[in-house]
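Notes for the one structure printed next.
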Amino acid sequence: MNTLVILGGGTAGTMTANKLRGRLSADEWRIVVVDKNDDHDYQPGYLFVPFGINKVKQIRKSRQEFIGEGIDLEFGEIERVDADTKIVHLSGERELAYDYLVIATGTTPRPDQTPGMLGPQWRRSVHEFYTYEGMIALKKALKGFTGGRVVMHITELPIKCPVAPLEFVMLADDYFTKKGMRDQVEIVYVTPLDGAFTKPVASRELGGHLSTRGIKVETDFMIERVDQERKAIVSYDEREISYDLLVTVPLNMGADYVGASGLGDELNYVPVDKHTMQSTAYDTIFALGDGGNLPTSKAGSVAHFSVDVFADNFVELVAGRPMTHSFDGHANCFVESGKGKALLLDFNYETEPLTGHFPFSVGPMSLLKPSRTNHLGKLAFRHVYWNFLLPGRPLPLAADMSMTGKHVE
């Protein structure tokens with residue numbers, strides 16, 4: 001009996017287990033998923049709850065509900081992986097031997113890595129929305145905010161869902177407008193980049209949307225510390241930006257056990273081949289979802305498309321054949337822009353986000369242009385996530401990016 005161990009029961013881990021269970025013989029393969037608890041969160045909803053778009057009860061469900069029949073689910077903290085002996089060490093001195101290992105424990109915000117970010121004002125005047133607890137605290141803070149300067153700040157890239165901070169400032173503009181107090185709120189977007197986004201066309205288009213909403217953009221800001229007493233963030237070149245309400249994206253890092261096991265880079269991301277997601281150090285280890293160092297967005301769509309490629313390759317690999325499928329870095333994501341509209345980005349390793357239209361059966365959906373159709377698509381995705389994506393059911397979206405409908409400048 002061969003054993004495939006999947007560390008992490010989030011999006012990538014759950015999809016992988018469910019897709020492979022139907023393709024690997026139950027008589028020959030045991031599949032084990034390991035996670036610390038039974039809570040599976042719909043993470044795109046973290047941003048929606050503070051603005052009242054999603055309800056808290058729509059965000060969290062039981063992990064066991066989505067792990068298919070014939071898959072073992074183990075709960076426990078992962079302490080380390082011994083890649084030479086192919087053993088995963090869990091809390092309570094438990095051990096799991098594997099033949100192949102998938103690391104899918106993602107990335108998490110680490111406010112402890114920035115001086116002053118954690119302190120007496122954490123989740124009072126200093127917030128984040130990348131965790132369940134942070135989402136709840138921010139909802140309360142926005143509801144009670146009476147005016148002043150709201151600063152949306154990004155510590156450093158890469159981060160999970162890199163468009164989410166942009167969504168926050170545009171949703172905040174809409175939120176305070178609807179409350180009749182937009183003229184009492186200054187919104188500032190602070191980024192370490194030289195523009196609103198990483199690529200020229202998207203940076204131009206998204207920057208324009210911020211400008212028309214009166215949202216100020218502060219670029220090239222590399223944070224050194226948060227001064228909670230003075231309510232200011234300070235950069236390494238001693239620039240200061242004051243705030244009344246700070247919403248920050250802390251440094252993102254992979255799981256600590258990855259670093260402790262000698263499997264990660266300086267941020268605990270697993271170095272992998274960007275086309276196969278196979279570890280560059282161990283051919284029996286793969287990293288899927290946000291846990292690898294793929295040079296593309298850490299986003300749910302990347303998990304979806306890369307898992308599709310991995311599943312095909314893995315079946316070939318264990319059958320003794322070469323892996324013939326290649327992930328092209330495909331990512332797409334909706335960007336909520338407020339007023340019941342959203343933008344859509346579609347890109348891969350070689351092609352930056354472009355304007356145009358996305359070819360889809362219910363579309364076409366506009367690229368980098370706000371539309372009601374895009375907004376409805378984002379709202380519908382929660383249903384797709386719970387009922388199709390996690391169970392590993394096929395979706396009418398090709399893993400490879402298409403150039404159809406895109407305007408090349």
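Following the order of the structure tokens, first chain is A, next is B, and so on, with residues numbered from 1 inside each chain and ligands from 1 in the order they appear.
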Write out as a PyMOL selection string which residues come within 9 Å of Ala311 (chain A) when counting only C-alpha atoms, dropping same-chain ones fewer than 3 positions away.
chain A and resi 16+19-20+23+306-308+314-316
Report as JSON lines the residues of region 295-353 of chain A within 12 Å of region 390-405 of chain A, each with its shortest atom pair and distance in Å (one decimal), using only C-alpha atoms, ordered by chain and increasing residue number.
```
{"residue": "A:Gly300", "atom": "CA", "partner": "A:Leu390", "partner_atom": "CA", "distance": 10.9}
{"residue": "A:Ser301", "atom": "CA", "partner": "A:Ala399", "partner_atom": "CA", "distance": 9.3}
{"residue": "A:Val302", "atom": "CA", "partner": "A:Ala399", "partner_atom": "CA", "distance": 9.0}
{"residue": "A:Ala303", "atom": "CA", "partner": "A:Ala399", "partner_atom": "CA", "distance": 10.3}
{"residue": "A:His304", "atom": "CA", "partner": "A:Ala399", "partner_atom": "CA", "distance": 8.0}
{"residue": "A:Phe305", "atom": "CA", "partner": "A:Ala399", "partner_atom": "CA", "distance": 4.6}
{"residue": "A:Ser306", "atom": "CA", "partner": "A:Ala399", "partner_atom": "CA", "distance": 7.2}
{"residue": "A:Val307", "atom": "CA", "partner": "A:Ala399", "partner_atom": "CA", "distance": 9.1}
{"residue": "A:Asp308", "atom": "CA", "partner": "A:Ala399", "partner_atom": "CA", "distance": 6.8}
{"residue": "A:Val309", "atom": "CA", "partner": "A:Ala399", "partner_atom": "CA", "distance": 7.2}
{"residue": "A:Phe310", "atom": "CA", "partner": "A:Ala399", "partner_atom": "CA", "distance": 10.7}
{"residue": "A:Ala311", "atom": "CA", "partner": "A:Gly392", "partner_atom": "CA", "distance": 10.7}
{"residue": "A:Asp312", "atom": "CA", "partner": "A:Ala399", "partner_atom": "CA", "distance": 11.4}
{"residue": "A:His325", "atom": "CA", "partner": "A:Ala399", "partner_atom": "CA", "distance": 10.4}
{"residue": "A:Ser326", "atom": "CA", "partner": "A:Asp400", "partner_atom": "CA", "distance": 8.9}
{"residue": "A:Phe327", "atom": "CA", "partner": "A:Asp400", "partner_atom": "CA", "distance": 7.2}
{"residue": "A:Asp328", "atom": "CA", "partner": "A:Asp400", "partner_atom": "CA", "distance": 6.3}
{"residue": "A:Gly329", "atom": "CA", "partner": "A:Asp400", "partner_atom": "CA", "distance": 8.1}
{"residue": "A:His330", "atom": "CA", "partner": "A:Met401", "partner_atom": "CA", "distance": 5.5}
{"residue": "A:Ala331", "atom": "CA", "partner": "A:Met401", "partner_atom": "CA", "distance": 7.9}
{"residue": "A:Asn332", "atom": "CA", "partner": "A:Met401", "partner_atom": "CA", "distance": 9.1}
{"residue": "A:Leu345", "atom": "CA", "partner": "A:Met401", "partner_atom": "CA", "distance": 11.5}
{"residue": "A:Asp346", "atom": "CA", "partner": "A:Met401", "partner_atom": "CA", "distance": 7.7}
{"residue": "A:Phe347", "atom": "CA", "partner": "A:Met401", "partner_atom": "CA", "distance": 6.8}
{"residue": "A:Asn348", "atom": "CA", "partner": "A:Met401", "partner_atom": "CA", "distance": 6.7}
{"residue": "A:Tyr349", "atom": "CA", "partner": "A:Met401", "partner_atom": "CA", "distance": 9.8}
{"residue": "A:Glu350", "atom": "CA", "partner": "A:Met401", "partner_atom": "CA", "distance": 10.1}
{"residue": "A:Thr351", "atom": "CA", "partner": "A:Met403", "partner_atom": "CA", "distance": 8.9}
{"residue": "A:Glu352", "atom": "CA", "partner": "A:Met403", "partner_atom": "CA", "distance": 11.0}
{"residue": "A:Pro353", "atom": "CA", "partner": "A:Met403", "partner_atom": "CA", "distance": 10.7}
```
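When the distance limit is 9 Å and only C-alpha atoms are what count, the residues near Gly76 (chain A), minus those fewer than 6 positions from it on the same chain, are Val34, Asp35, Lys36, Asn37, Leu90, Ser91 and Gly92 of chain A.
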Save the residues we just selected, N, CA and C atoms, as a JSON list (two decimals), in the first residue's frame?
```json
[["chain", "number", "residue", "atom", "x", "y", "z"],
["A", 34, "VAL", "N", -3.86, 16.17, 6.58],
["A", 34, "VAL", "CA", -3.53, 16.59, 7.94],
["A", 34, "VAL", "C", -3.80, 18.09, 8.09],
["A", 35, "ASP", "N", -4.53, 18.45, 9.13],
["A", 35, "ASP", "CA", -4.71, 19.86, 9.46],
["A", 35, "ASP", "C", -4.88, 20.00, 10.97],
["A", 36, "LYS", "N", -4.76, 21.24, 11.46],
["A", 36, "LYS", "CA", -4.74, 21.44, 12.91],
["A", 36, "LYS", "C", -6.12, 21.39, 13.54],
["A", 37, "ASN", "N", -7.18, 21.68, 12.75],
["A", 37, "ASN", "CA", -8.53, 21.64, 13.31],
["A", 37, "ASN", "C", -9.55, 21.39, 12.20],
["A", 90, "LEU", "N", 4.12, 14.70, 13.93],
["A", 90, "LEU", "CA", 2.98, 15.48, 14.41],
["A", 90, "LEU", "C", 3.06, 15.63, 15.92],
["A", 91, "SER", "N", 2.24, 16.55, 16.45],
["A", 91, "SER", "CA", 2.16, 16.74, 17.90],
["A", 91, "SER", "C", 1.75, 15.43, 18.56],
["A", 92, "GLY", "N", 2.14, 15.28, 19.84],
["A", 92, "GLY", "CA", 1.82, 14.05, 20.56],
["A", 92, "GLY", "C", 2.70, 12.89, 20.15]]
```
Write out as an MDAnalysis selection string which residues come within 12 Å of Lys178 (chain A) when counting only C-alpha atoms, dropping same-chain ones fewer than 4 positions away.
chainID A and resid 51 171:174 182:183 338:339
Please save N, CA and C atoms of the selected residues as a compact mmCIF listing (two decimals), in the first residue's frame.
```txt
# COMPACT_ATOMS: atom_id res chain seq x y z
N PHE A 51 -17.80 44.64 5.49
CA PHE A 51 -18.65 45.58 4.76
C PHE A 51 -20.09 45.08 4.64
N LEU A 171 -14.02 49.39 -1.67
CA LEU A 171 -15.21 49.06 -0.89
C LEU A 171 -15.40 50.06 0.25
N ALA A 172 -14.29 50.51 0.84
CA ALA A 172 -14.38 51.50 1.92
C ALA A 172 -14.95 52.81 1.39
N ASP A 173 -14.52 53.20 0.19
CA ASP A 173 -15.07 54.41 -0.44
C ASP A 173 -16.58 54.28 -0.61
N ASP A 174 -17.04 53.14 -1.09
CA ASP A 174 -18.47 52.90 -1.28
C ASP A 174 -19.20 52.84 0.07
N ARG A 182 -18.54 60.14 3.56
CA ARG A 182 -17.31 60.01 2.77
C ARG A 182 -16.47 61.27 2.86
N ASP A 183 -17.09 62.44 2.96
CA ASP A 183 -16.33 63.69 3.03
C ASP A 183 -15.62 63.85 4.37
N GLY A 338 -16.85 48.28 -5.62
CA GLY A 338 -17.93 49.03 -4.98
C GLY A 338 -19.04 49.35 -5.98
N LYS A 339 -20.14 49.86 -5.45
CA LYS A 339 -21.30 50.25 -6.27
C LYS A 339 -21.85 49.08 -7.07
```
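If only C-alpha atoms are the atoms counted, then among A:Asp99, A:Glu79, A:Glu65, A:Asp39 the closest residue to Thr284 (chain A) is A:Asp99.
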